[in-house]
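Enquirer: Sharing my_file-v6.pdb below, PDB, C-alpha atoms:
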ATOM      1  CA  MET A   1      41.173  93.685 127.214
ATOM      2  CA  THR A   2      42.823  96.930 128.196
ATOM      3  CA  PRO A   3      46.606  96.844 128.271
ATOM      4  CA  THR A   4      48.092  97.056 131.732
ATOM      5  CA  PHE A   5      51.100  99.201 132.524
ATOM      6  CA  SER A   6      53.545  98.981 135.312
ATOM      7  CA  PRO A   7      52.604 101.378 138.124
ATOM      8  CA  PHE A   8      56.150 102.691 137.901
ATOM      9  CA  LEU A   9      55.723 103.911 134.316
ATOM     10  CA  PRO A  10      54.729 107.474 135.356
ATOM     11  CA  ILE A  11      57.835 107.646 137.507
ATOM     12  CA  MET A  12      59.989 106.601 134.568
ATOM     13  CA  LEU A  13      58.302 109.225 132.392
ATOM     14  CA  LEU A  14      58.863 111.863 135.061
ATOM     15  CA  PHE A  15      62.520 110.862 135.237
ATOM     16  CA  LEU A  16      62.916 111.113 131.460
ATOM     17  CA  ILE A  17      61.206 114.520 131.323
ATOM     18  CA  ALA A  18      63.389 115.811 134.152
ATOM     19  CA  LEU A  19      66.464 114.568 132.316
ATOM     20  CA  GLY A  20      65.293 116.172 129.070
ATOM     21  CA  VAL A  21      64.506 119.524 130.669
ATOM     22  CA  GLY A  22      67.843 119.550 132.462
ATOM     23  CA  ALA A  23      69.749 118.717 129.290
ATOM     24  CA  ALA A  24      67.798 121.358 127.344
ATOM     25  CA  ILE A  25      68.616 124.050 129.924
ATOM     26  CA  LEU A  26      72.295 123.118 129.880
ATOM     27  CA  VAL A  27      72.529 123.102 126.091
ATOM     28  CA  VAL A  28      70.554 126.327 125.584
ATOM     29  CA  SER A  29      72.267 128.326 128.324
ATOM     30  CA  GLY A  30      75.706 126.837 127.864
ATOM     31  CA  LYS A  31      76.037 126.495 124.104
ATOM     32  CA  ILE A  32      73.316 128.222 122.092
ATOM     33  CA  LEU A  33      72.684 131.489 123.979
ATOM     34  CA  PRO A  34      76.349 132.420 124.579
ATOM     35  CA  GLY A  35      77.050 132.007 120.861
ATOM     36  CA  LEU A  36      74.269 134.482 120.117
ATOM     37  CA  LEU A  37      74.813 136.988 122.930
ATOM     38  CA  LYS A  38      78.376 136.831 124.232
ATOM     39  CA  PRO A  39      80.897 139.202 122.655
ATOM     40  CA  ASP A  40      83.772 136.972 121.564
ATOM     41  CA  ASN A  41      87.043 138.834 121.153
ATOM     42  CA  PRO A  42      90.027 136.847 122.390
ATOM     43  CA  GLN A  43      93.120 138.988 122.822
ATOM     44  CA  ARG A  44      96.598 138.119 124.026
ATOM     45  CA  ALA A  45      96.475 140.624 126.886
ATOM     46  CA  LYS A  46      93.050 139.381 127.886
ATOM     47  CA  LEU A  47      94.175 135.760 128.044
ATOM     48  CA  THR A  48      97.267 136.350 130.180
ATOM     49  CA  PRO A  49      96.938 135.784 133.933
ATOM     50  CA  TYR A  50      95.629 138.744 135.928
ATOM     51  CA  GLU A  51      98.326 139.943 138.294
ATOM     52  CA  CYS A  52      96.944 143.386 139.157
ATOM     53  CA  GLY A  53      98.015 144.714 135.766
ATOM     54  CA  ALA A  54     101.677 143.775 136.159
ATOM     55  CA  PRO A  55     103.309 141.527 133.554
ATOM     56  CA  PRO A  56     102.703 137.927 134.713
ATOM     57  CA  LEU A  57     105.700 136.221 136.274
ATOM     58  CA  GLN A  58     104.594 132.670 135.538
ATOM     59  CA  GLU A  59     102.442 130.914 132.976
ATOM     60  CA  GLY A  60      99.252 130.728 134.978
ATOM     61  CA  ALA A  61      98.435 128.651 138.022
ATOM     62  CA  ARG A  62      99.658 125.343 136.610
ATOM     63  CA  HIS A  63     103.352 126.032 136.910
ATOM     64  CA  ARG A  64     105.773 123.833 138.883
ATOM     65  CA  TYR A  65     106.857 124.838 142.334
ATOM     66  CA  SER A  66     109.552 123.523 144.612
ATOM     67  CA  VAL A  67     108.968 120.289 146.549
ATOM     68  CA  LYS A  68     110.459 122.110 149.554
ATOM     69  CA  PHE A  69     107.032 123.575 150.302
ATOM     70  CA  TYR A  70     105.623 120.060 150.658
ATOM     71  CA  LEU A  71     108.304 119.089 153.165
ATOM     72  CA  VAL A  72     107.803 122.221 155.242
ATOM     73  CA  ALA A  73     104.031 121.742 155.206
ATOM     74  CA  MET A  74     104.372 118.123 156.400
ATOM     75  CA  LEU A  75     106.732 119.096 159.224
ATOM     76  CA  PHE A  76     104.434 121.951 160.190
ATOM     77  CA  ILE A  77     101.419 119.654 160.483
ATOM     78  CA  LEU A  78     103.429 117.173 162.563
ATOM     79  CA  PHE A  79     104.648 119.677 165.116
ATOM     80  CA  ASP A  80     101.413 121.649 165.029
ATOM     81  CA  VAL A  81      99.543 118.536 166.191
ATOM     82  CA  GLU A  82     102.119 118.148 168.937
ATOM     83  CA  ALA A  83     101.432 121.687 170.125
ATOM     84  CA  ALA A  84      97.686 121.047 169.948
ATOM     85  CA  PHE A  85      98.091 117.988 172.206
ATOM     86  CA  LEU A  86     100.242 119.926 174.675
ATOM     87  CA  LEU A  87      97.551 122.435 175.556
ATOM     88  CA  PRO A  88      94.875 120.118 177.077
ATOM     89  CA  TRP A  89      97.641 118.131 178.761
ATOM     90  CA  ALA A  90      99.100 121.240 180.381
ATOM     91  CA  VAL A  91      95.647 122.205 181.694
ATOM     92  CA  GLN A  92      94.910 118.922 183.498
ATOM     93  CA  TYR A  93      98.199 117.033 184.158
ATOM     94  CA  LYS A  94      98.226 117.951 187.890
ATOM     95  CA  THR A  95      95.072 115.914 188.479
ATOM     96  CA  HIS A  96      96.402 112.902 186.540
ATOM     97  CA  LEU A  97     100.086 112.747 187.343
ATOM     98  CA  TRP A  98     100.733 109.650 185.188
ATOM     99  CA  THR A  99      99.951 111.726 182.079
ATOM    100  CA  PHE A 100     103.212 113.584 182.733
ATOM    101  CA  TRP A 101     105.162 110.413 181.846
ATOM    102  CA  ALA A 102     102.786 109.589 179.004
ATOM    103  CA  MET A 103     103.353 113.004 177.474
ATOM    104  CA  LEU A 104     107.088 112.776 178.073
ATOM    105  CA  SER A 105     107.289 109.526 176.101
ATOM    106  CA  PHE A 106     105.145 111.102 173.332
ATOM    107  CA  LEU A 107     107.477 114.091 173.146
ATOM    108  CA  ALA A 108     110.510 111.793 173.190
ATOM    109  CA  THR A 109     109.103 109.882 170.199
ATOM    110  CA  LEU A 110     108.538 113.128 168.318
ATOM    111  CA  LEU A 111     111.996 114.321 169.320
ATOM    112  CA  VAL A 112     113.489 111.318 167.556
ATOM    113  CA  GLY A 113     111.552 112.319 164.435
ATOM    114  CA  TYR A 114     112.696 115.904 164.842
ATOM    115  CA  ILE A 115     116.347 114.874 165.101
ATOM    116  CA  TYR A 116     115.882 112.611 162.093
ATOM    117  CA  ALA A 117     114.389 115.477 160.038
ATOM    118  CA  TRP A 118     117.177 117.761 161.188
ATOM    119  CA  GLY A 119     119.843 115.195 160.344
ATOM    120  CA  LYS A 120     118.336 114.680 156.894
ATOM    121  CA  GLY A 121     118.560 118.421 156.303
ATOM    122  CA  ALA A 122     114.789 118.929 155.993
ATOM    123  CA  LEU A 123     115.042 122.167 157.979
ATOM    124  CA  ASP A 124     117.605 123.754 155.668
ATOM    125  CA  TRP A 125     115.842 125.986 153.154
ATOM    126  CA  GLU A 126     118.908 126.544 151.019
ATOM    127  CA  ARG A 127     120.347 123.251 149.850
TER     128      ARG A 127
ATOM    129  CA  MET B 128      34.169 140.307 117.610
ATOM    130  CA  ALA B 129      36.177 143.493 117.759
ATOM    131  CA  GLY B 130      39.231 143.696 115.488
ATOM    132  CA  ILE B 131      42.597 143.426 117.183
ATOM    133  CA  ASN B 132      44.673 146.580 117.011
ATOM    134  CA  LEU B 133      48.314 145.482 116.916
ATOM    135  CA  ASP B 134      49.488 148.950 117.945
ATOM    136  CA  ASP B 135      48.092 148.351 121.409
ATOM    137  CA  SER B 136      49.674 144.966 121.975
ATOM    138  CA  VAL B 137      52.911 144.815 119.960
ATOM    139  CA  MET B 138      55.985 146.907 120.596
ATOM    140  CA  THR B 139      58.715 147.210 118.006
ATOM    141  CA  THR B 140      62.207 148.460 118.679
ATOM    142  CA  ARG B 141      65.770 148.233 117.433
ATOM    143  CA  LEU B 142      68.257 145.594 118.603
ATOM    144  CA  ASP B 143      70.683 148.303 119.714
ATOM    145  CA  SER B 144      68.067 149.853 122.010
ATOM    146  CA  VAL B 145      67.186 146.576 123.688
ATOM    147  CA  VAL B 146      70.787 145.466 124.157
ATOM    148  CA  ASN B 147      71.877 148.888 125.364
ATOM    149  CA  TRP B 148      68.954 149.023 127.773
ATOM    150  CA  ALA B 149      70.185 145.766 129.290
ATOM    151  CA  ARG B 150      73.802 146.939 129.307
ATOM    152  CA  LYS B 151      73.168 150.260 130.987
ATOM    153  CA  ASN B 152      71.220 148.649 133.801
ATOM    154  CA  SER B 153      73.718 145.905 134.550
ATOM    155  CA  LEU B 154      77.085 147.634 134.841
ATOM    156  CA  TRP B 155      79.712 145.748 136.809
ATOM    157  CA  PRO B 156      82.091 148.274 138.318
ATOM    158  CA  LEU B 157      85.804 147.646 138.780
ATOM    159  CA  PRO B 158      87.449 150.245 141.038
ATOM    160  CA  PHE B 159      90.985 151.300 140.141
ATOM    161  CA  GLY B 160      91.399 153.210 143.378
ATOM    162  CA  THR B 161      94.704 155.030 143.784
ATOM    163  CA  ALA B 162      93.775 158.058 145.886
ATOM    164  CA  CYS B 163      91.118 159.764 147.984
ATOM    165  CA  CYS B 164      88.445 159.383 145.284
ATOM    166  CA  ALA B 165      88.419 155.714 146.256
ATOM    167  CA  ILE B 166      87.318 156.715 149.763
ATOM    168  CA  GLU B 167      84.403 158.626 148.259
ATOM    169  CA  PHE B 168      83.731 155.565 146.126
ATOM    170  CA  MET B 169      83.392 153.414 149.272
ATOM    171  CA  SER B 170      80.815 155.877 150.507
ATOM    172  CA  MET B 171      79.041 155.714 147.150
ATOM    173  CA  MET B 172      78.822 151.909 147.290
ATOM    174  CA  ALA B 173      77.706 151.865 150.943
ATOM    175  CA  SER B 174      74.115 152.057 152.099
ATOM    176  CA  ARG B 175      73.852 155.848 152.474
ATOM    177  CA  TYR B 176      74.275 156.575 148.766
ATOM    178  CA  ASP B 177      73.464 153.009 147.689
ATOM    179  CA  PHE B 178      74.924 152.799 144.220
ATOM    180  CA  SER B 179      73.155 149.454 143.726
ATOM    181  CA  ARG B 180      70.032 151.413 142.802
ATOM    182  CA  PHE B 181      71.525 152.064 139.372
ATOM    183  CA  GLY B 182      72.061 148.435 138.484
ATOM    184  CA  ALA B 183      75.739 148.424 139.397
ATOM    185  CA  GLU B 184      75.214 146.220 142.401
ATOM    186  CA  ALA B 185      78.040 143.731 142.030
ATOM    187  CA  LEU B 186      81.413 145.291 142.669
ATOM    188  CA  ARG B 187      84.222 143.113 141.355
ATOM    189  CA  PHE B 188      87.937 143.365 141.957
ATOM    190  CA  SER B 189      88.851 141.295 138.926
ATOM    191  CA  PRO B 190      88.744 142.702 135.405
ATOM    192  CA  ARG B 191      87.442 139.347 134.165
ATOM    193  CA  GLN B 192      84.075 139.957 135.783
ATOM    194  CA  SER B 193      83.542 143.657 135.241
ATOM    195  CA  ASP B 194      82.755 146.039 132.408
ATOM    196  CA  MET B 195      82.891 149.525 133.950
ATOM    197  CA  LEU B 196      86.341 150.717 134.972
ATOM    198  CA  LEU B 197      86.227 153.495 137.548
ATOM    199  CA  VAL B 198      89.616 155.179 137.760
ATOM    200  CA  LEU B 199      89.610 156.800 141.178
ATOM    201  CA  GLY B 200      92.689 158.897 141.709
ATOM    202  CA  THR B 201      96.109 159.912 140.510
ATOM    203  CA  VAL B 202      97.754 157.699 137.909
ATOM    204  CA  THR B 203     101.517 158.030 137.586
ATOM    205  CA  ASN B 204     103.469 157.340 134.414
ATOM    206  CA  LYS B 205     104.660 154.069 135.922
ATOM    207  CA  GLN B 206     101.078 153.015 136.510
ATOM    208  CA  ALA B 207      99.951 153.826 132.995
ATOM    209  CA  PRO B 208     100.817 150.377 131.516
ATOM    210  CA  VAL B 209      99.139 148.729 134.529
ATOM    211  CA  LEU B 210      95.967 150.661 133.792
ATOM    212  CA  ARG B 211      96.185 149.692 130.120
ATOM    213  CA  GLN B 212      96.667 146.032 130.971
ATOM    214  CA  ILE B 213      93.700 146.002 133.364
ATOM    215  CA  TYR B 214      91.509 147.740 130.805
ATOM    216  CA  ALA B 215      92.621 145.220 128.181
ATOM    217  CA  GLN B 216      91.701 142.313 130.438
ATOM    218  CA  MET B 217      88.183 143.496 131.169
ATOM    219  CA  ALA B 218      85.138 141.792 129.738
ATOM    220  CA  GLU B 219      83.613 143.376 126.656
ATOM    221  CA  PRO B 220      81.798 145.663 126.089
ATOM    222  CA  LYS B 221      83.562 147.997 128.515
ATOM    223  CA  TRP B 222      83.378 151.597 129.616
ATOM    224  CA  VAL B 223      85.698 153.872 131.586
ATOM    225  CA  VAL B 224      84.801 156.635 134.022
ATOM    226  CA  ALA B 225      87.593 159.003 135.067
ATOM    227  CA  VAL B 226      86.676 160.086 138.591
ATOM    228  CA  GLY B 227      88.274 163.226 140.009
ATOM    229  CA  VAL B 228      90.543 165.794 138.462
ATOM    230  CA  CYS B 229      93.685 163.641 138.825
ATOM    231  CA  ALA B 230      92.312 160.895 136.618
ATOM    232  CA  SER B 231      90.714 163.405 134.253
ATOM    233  CA  SER B 232      93.651 165.748 133.711
ATOM    234  CA  GLY B 233      96.397 165.121 136.260
ATOM    235  CA  GLY B 234      94.751 167.703 138.506
ATOM    236  CA  MET B 235      97.049 169.542 140.835
ATOM    237  CA  TYR B 236      99.869 167.095 140.136
ATOM    238  CA  ARG B 237     101.332 168.955 137.214
ATOM    239  CA  THR B 238     104.613 167.052 137.488
ATOM    240  CA  TYR B 239     106.840 164.931 135.296
ATOM    241  CA  ALA B 240     105.828 161.795 137.227
ATOM    242  CA  THR B 241     102.060 162.078 136.812
ATOM    243  CA  LEU B 242     100.048 161.071 133.797
ATOM    244  CA  GLN B 243      98.199 164.231 132.741
ATOM    245  CA  GLY B 244      94.836 162.527 132.377
ATOM    246  CA  ILE B 245      94.167 158.843 131.871
ATOM    247  CA  ASP B 246      92.521 159.551 128.514
ATOM    248  CA  ARG B 247      96.063 159.591 127.125
ATOM    249  CA  VAL B 248      96.378 155.841 127.616
ATOM    250  CA  VAL B 249      92.830 154.415 127.817
ATOM    251  CA  PRO B 250      89.603 155.561 126.149
ATOM    252  CA  VAL B 251      87.480 157.460 128.687
ATOM    253  CA  ASP B 252      83.705 157.762 128.381
ATOM    254  CA  VAL B 253      82.794 160.093 131.234
ATOM    255  CA  TYR B 254      84.870 162.553 133.280
ATOM    256  CA  VAL B 255      83.725 163.461 136.792
ATOM    257  CA  PRO B 256      85.381 166.644 138.106
ATOM    258  CA  GLY B 257      86.056 167.303 141.774
ATOM    259  CA  CYS B 258      88.889 166.799 144.219
ATOM    260  CA  PRO B 259      87.488 164.407 145.263
ATOM    261  CA  PRO B 260      83.975 164.525 143.803
ATOM    262  CA  ARG B 261      81.151 163.880 146.237
ATOM    263  CA  PRO B 262      79.352 160.527 145.882
ATOM    264  CA  GLU B 263      76.450 162.368 144.267
ATOM    265  CA  GLY B 264      78.881 163.609 141.640
ATOM    266  CA  MET B 265      80.089 160.110 140.871
ATOM    267  CA  ILE B 266      76.526 158.813 140.716
ATOM    268  CA  PHE B 267      75.707 161.626 138.293
ATOM    269  CA  GLY B 268      78.722 160.638 136.217
ATOM    270  CA  VAL B 269      77.566 157.037 135.986
ATOM    271  CA  MET B 270      74.028 158.196 135.131
ATOM    272  CA  GLU B 271      75.546 160.220 132.289
ATOM    273  CA  LEU B 272      77.369 157.064 131.200
ATOM    274  CA  GLN B 273      74.037 155.228 131.209
ATOM    275  CA  LYS B 274      72.599 157.922 128.950
ATOM    276  CA  LYS B 275      75.613 157.556 126.681
ATOM    277  CA  ILE B 276      75.147 153.775 126.521
ATOM    278  CA  THR B 277      71.498 154.263 125.553
ATOM    279  CA  ARG B 278      72.538 156.352 122.558
ATOM    280  CA  GLU B 279      75.556 154.428 121.256
ATOM    281  CA  SER B 280      75.517 151.819 118.493
ATOM    282  CA  LEU B 281      76.775 148.309 119.173
ATOM    283  CA  SER B 282      79.243 148.266 116.286
ATOM    284  CA  ALA B 283      80.703 151.634 117.277
ATOM    285  CA  ARG B 284      81.459 150.323 120.760
ATOM    286  CA  LYS B 285      83.092 147.249 119.241
ATOM    287  CA  GLU B 286      85.359 149.349 117.006
ATOM    288  CA  HIS B 287      86.116 151.659 119.917
ATOM    289  CA  VAL B 288      87.539 148.728 121.917
ATOM    290  CA  GLU B 289      89.243 147.289 118.841
ATOM    291  CA  ARG B 290      91.226 150.506 118.356
ATOM    292  CA  PHE B 291      92.549 150.167 121.864
ATOM    293  CA  TYR B 292      93.746 146.612 121.198
ATOM    294  CA  GLN B 293      95.532 147.846 118.099
ATOM    295  CA  SER B 294      97.407 150.423 120.168
ATOM    296  CA  LEU B 295      98.254 147.686 122.673
ATOM    297  CA  ALA B 296      99.698 145.552 119.880
ATOM    298  CA  ARG B 297     101.764 148.538 118.767
ATOM    299  CA  GLN B 298     102.970 149.033 122.346
ATOM    300  CA  GLU B 299     104.196 145.422 122.462
ATOM    301  CA  GLU B 300     105.911 145.769 119.104
ATOM    302  CA  LEU B 301     107.714 148.932 120.189
ATOM    303  CA  GLN B 302     108.702 147.358 123.451
ATOM    304  CA  LYS B 303     110.313 144.425 121.666
ATOM    305  CA  ALA B 304     111.932 146.548 118.974
ATOM    306  CA  LYS B 305     113.493 149.070 121.342
ATOM    307  CA  GLY B 306     114.072 146.843 124.367
ATOM    308  CA  LEU B 307     112.284 149.238 126.705
ATOM    309  CA  SER B 308     110.464 148.496 129.916
ATOM    310  CA  GLN B 309     106.674 148.508 129.952
ATOM    311  CA  TYR B 310     106.254 151.995 131.377
ATOM    312  CA  GLN B 311     109.058 153.461 129.290
ATOM    313  CA  VAL B 312     107.310 152.410 126.094
ATOM    314  CA  VAL B 313     103.958 153.871 127.199
ATOM    315  CA  ARG B 314     105.715 157.095 128.177
ATOM    316  CA  GLU B 315     107.389 157.206 124.790
ATOM    317  CA  MET B 316     104.082 156.672 123.007
ATOM    318  CA  VAL B 317     102.511 159.499 125.026
ATOM    319  CA  LEU B 318     105.397 161.854 124.197
ATOM    320  CA  GLU B 319     105.269 160.824 120.544
ATOM    321  CA  ALA B 320     101.536 161.585 120.379
ATOM    322  CA  GLY B 321     102.217 164.919 122.061
ATOM    323  CA  ALA B 322     104.894 165.810 119.500
ATOM    324  CA  GLN B 323     102.365 165.183 116.744
ATOM    325  CA  GLY B 324      99.879 167.531 118.373
ATOM    326  CA  GLY B 325      97.690 164.714 119.726
ATOM    327  CA  GLN B 326      97.113 163.577 123.265
ATOM    328  CA  GLN B 327      95.891 160.022 122.990
ATOM    329  CA  ILE B 328      97.836 156.899 122.176
ATOM    330  CA  TRP B 329      94.849 154.608 121.594
TER     331      TRP B 329
END
Output the file's structure as structure tokens, nothing else.
Expert:
Amino acid sequence: MTPTFSPFLPIMLLFLIALGVGAAILVVSGKILPGLLKPDNPQRAKLTPYECGAPPLQEGARHRYSVKFYLVAMLFILFDVEAAFLLPWAVQYKTHLWTFWAMLSFLATLLVGYIYAWGKGALDWER
Amino acid sequence: MAGINLDDSVMTTRLDSVVNWARKNSLWPLPFGTACCAIEFMSMMASRYDFSRFGAEALRFSPRQSDMLLVLGTVTNKQAPVLRQIYAQMAEPKWVVAVGVCASSGGMYRTYATLQGIDRVVPVDVYVPGCPPRPEGMIFGVMELQKKITRESLSARKEHVERFYQSLARQEELQKAKGLSQYQVVREMVLEAGAQGGQQIW
């Protein structure tokens, strides 16, 4: 009696070979070849951030920066969307007069937010 | 069956030759363009002169990804430490081509503000004269560099770069010891080398 195999065995073998070839390529090109070919000469100047040859002002890209940028970016997105809504409305509001009041209430809602942000001092850069 | 003659089918060579052959045909230029030579360089990279033919296809504006520094134009004393830093940050092995008379010798700017040749602060491999040199001149300069790469030994190139890093370490030491700014210390090193009858600080 000949042993019977699952018809999916070749597919499993193919999968394993593909995995093996992929792993081999990664290991050879990522670990073995660079060790043989790549000149390895770490130097302090070479490892500092590249700022067009000037002495770097900060320790790389992972430094802390002020949360003020986040606030300004949020406010910008908010009022940018408002401006984006205003354009199509301005083009067609004469044909649909009720949109005038709809837009007015939308702007009034945003105005409340604007006054709130202003009152909280979100628009003051120096605080 | 005929005997196999190995001379017909096997080629032997030295490691230096093979590696240098690869290096000379895959230069990655980094332009340090400060003057009109950089305009000629644009022409050299564009399709009319097509610098890609010489294996220097990929122009990079980061020293991390390039190994041939082309200094195109006048370098002032204040720029000298910038040039040194960029050269230090380039990938090894690295070569320098001084394009135009300003980079080679200060050219017509014989003034107190101009570095009288970049070879005072970084090791230069090829000088291309001209004010500015035509693109053909620059291409010839790089072809000469390719010839030079073919001839050089790998260890010599390594030591060549190592000497530069030693001078950079000395620059940092001096800067700390005397409390000078970056360009002041390079200027002082240049003057010191001049007083000793030399011209190079690396």
Enquirer: Given the point (95.6, 152.0, 120.0) in the coordinates of this file, which residues lie within 12 Å, counting only C-alpha atoms, and how would they look as a PyMOL selection string?
Expert: chain B and resi 211+215+246-250+286-299+313+316-317+320+327-329
Enquirer: Now that the selection is made, can you save its residues with C-alpha atoms as an mmCIF file, in the frame of the given file?
Expert:
data_model
loop_
_atom_site.group_PDB
_atom_site.id
_atom_site.type_symbol
_atom_site.label_atom_id
_atom_site.label_comp_id
_atom_site.auth_asym_id
_atom_site.auth_seq_id
_atom_site.Cartn_x
_atom_site.Cartn_y
_atom_site.Cartn_z
ATOM 1 C CA ARG B 211 96.185 149.692 130.120
ATOM 2 C CA ALA B 215 92.621 145.220 128.181
ATOM 3 C CA ASP B 246 92.521 159.551 128.514
ATOM 4 C CA ARG B 247 96.063 159.591 127.125
ATOM 5 C CA VAL B 248 96.378 155.841 127.616
ATOM 6 C CA VAL B 249 92.830 154.415 127.817
ATOM 7 C CA PRO B 250 89.603 155.561 126.149
ATOM 8 C CA GLU B 286 85.359 149.349 117.006
ATOM 9 C CA HIS B 287 86.116 151.659 119.917
ATOM 10 C CA VAL B 288 87.539 148.728 121.917
ATOM 11 C CA GLU B 289 89.243 147.289 118.841
ATOM 12 C CA ARG B 290 91.226 150.506 118.356
ATOM 13 C CA PHE B 291 92.549 150.167 121.864
ATOM 14 C CA TYR B 292 93.746 146.612 121.198
ATOM 15 C CA GLN B 293 95.532 147.846 118.099
ATOM 16 C CA SER B 294 97.407 150.423 120.168
ATOM 17 C CA LEU B 295 98.254 147.686 122.673
ATOM 18 C CA ALA B 296 99.698 145.552 119.880
ATOM 19 C CA ARG B 297 101.764 148.538 118.767
ATOM 20 C CA GLN B 298 102.970 149.033 122.346
ATOM 21 C CA GLU B 299 104.196 145.422 122.462
ATOM 22 C CA VAL B 313 103.958 153.871 127.199
ATOM 23 C CA MET B 316 104.082 156.672 123.007
ATOM 24 C CA VAL B 317 102.511 159.499 125.026
ATOM 25 C CA ALA B 320 101.536 161.585 120.379
ATOM 26 C CA GLN B 327 95.891 160.022 122.990
ATOM 27 C CA ILE B 328 97.836 156.899 122.176
ATOM 28 C CA TRP B 329 94.849 154.608 121.594
#
Enquirer: Provide as a short mmCIF file (atom, residue, chain, number, x, y, z; two decimals) with C-alpha atoms, in the frame of the given file the residues of chain A at most 6 Å from chain B, counting only C-alpha atoms.
Expert:
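This went into out39.cif:
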data_model
loop_
_atom_site.label_atom_id
_atom_site.label_comp_id
_atom_site.auth_asym_id
_atom_site.auth_seq_id
_atom_site.Cartn_x
_atom_site.Cartn_y
_atom_site.Cartn_z
CA LYS A 46 93.05 139.38 127.89
CA GLY A 53 98.02 144.71 135.77
CA ALA A 54 101.68 143.78 136.16
#
Enquirer: Show me as a list in words the residues that reach within 6 Å of (92.3, 158.3, 136.8), counting all atoms listed in the file and using the file's own coordinates.
Expert: Val198, Leu199, Gly200, Thr201, Val202, Ala225, Cys229, Ala230, Ser231 and Ile245 of chain B
Enquirer: If you measure from atom CA of Leu57 of chain A to atom CA of Lys303 of chain B, what distance in Å do you get, rounded to one decimal?
Expert: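 Between these atoms lies a distance of 17.4 Å.
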Enquirer: What is the atom CA of Gly324 of chain B to atom CA of Val251 of chain B distance in Å?
Expert: 19.0 Å
Enquirer: Using all atoms listed in the file, which of the listed residues (B:Trp222, B:Glu279, B:Gly182, B:Ala322) sits closest to Asp143 of chain B?
Expert: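 Nearest to Asp143 of chain B: B:Glu279.
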Enquirer: Write segment 76-88 of chain A as a compact mmCIF listing (two decimals), in the frame of the given file, completed to N, CA and C atoms.
Expert:
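The resulting file, result.txt, is reproduced below:
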# COMPACT_ATOMS: atom_id res chain seq x y z
N PHE A 76 105.28 121.02 159.44
CA PHE A 76 104.43 121.95 160.19
C PHE A 76 103.24 121.22 160.80
N ILE A 77 102.60 120.38 159.99
CA ILE A 77 101.42 119.65 160.48
C ILE A 77 101.81 118.76 161.66
N LEU A 78 102.96 118.08 161.53
CA LEU A 78 103.43 117.17 162.56
C LEU A 78 103.59 117.90 163.90
N PHE A 79 104.34 119.00 163.86
CA PHE A 79 104.65 119.68 165.12
C PHE A 79 103.51 120.58 165.56
N ASP A 80 102.62 120.90 164.67
CA ASP A 80 101.41 121.65 165.03
C ASP A 80 100.49 120.76 165.85
N VAL A 81 100.36 119.49 165.44
CA VAL A 81 99.54 118.54 166.19
C VAL A 81 100.13 118.33 167.58
N GLU A 82 101.45 118.28 167.65
CA GLU A 82 102.12 118.15 168.94
C GLU A 82 101.73 119.30 169.85
N ALA A 83 101.78 120.51 169.33
CA ALA A 83 101.43 121.69 170.12
C ALA A 83 99.96 121.65 170.54
N ALA A 84 99.11 121.13 169.64
CA ALA A 84 97.69 121.05 169.95
C ALA A 84 97.43 120.05 171.07
N PHE A 85 98.24 118.97 171.13
CA PHE A 85 98.09 117.99 172.21
C PHE A 85 98.60 118.54 173.53
N LEU A 86 99.62 119.41 173.46
CA LEU A 86 100.24 119.93 174.68
C LEU A 86 99.29 120.78 175.49
N LEU A 87 98.40 121.47 174.84
CA LEU A 87 97.55 122.44 175.56
C LEU A 87 96.60 121.75 176.54
N PRO A 88 95.76 120.78 176.11
CA PRO A 88 94.88 120.12 177.08
C PRO A 88 95.65 119.37 178.17
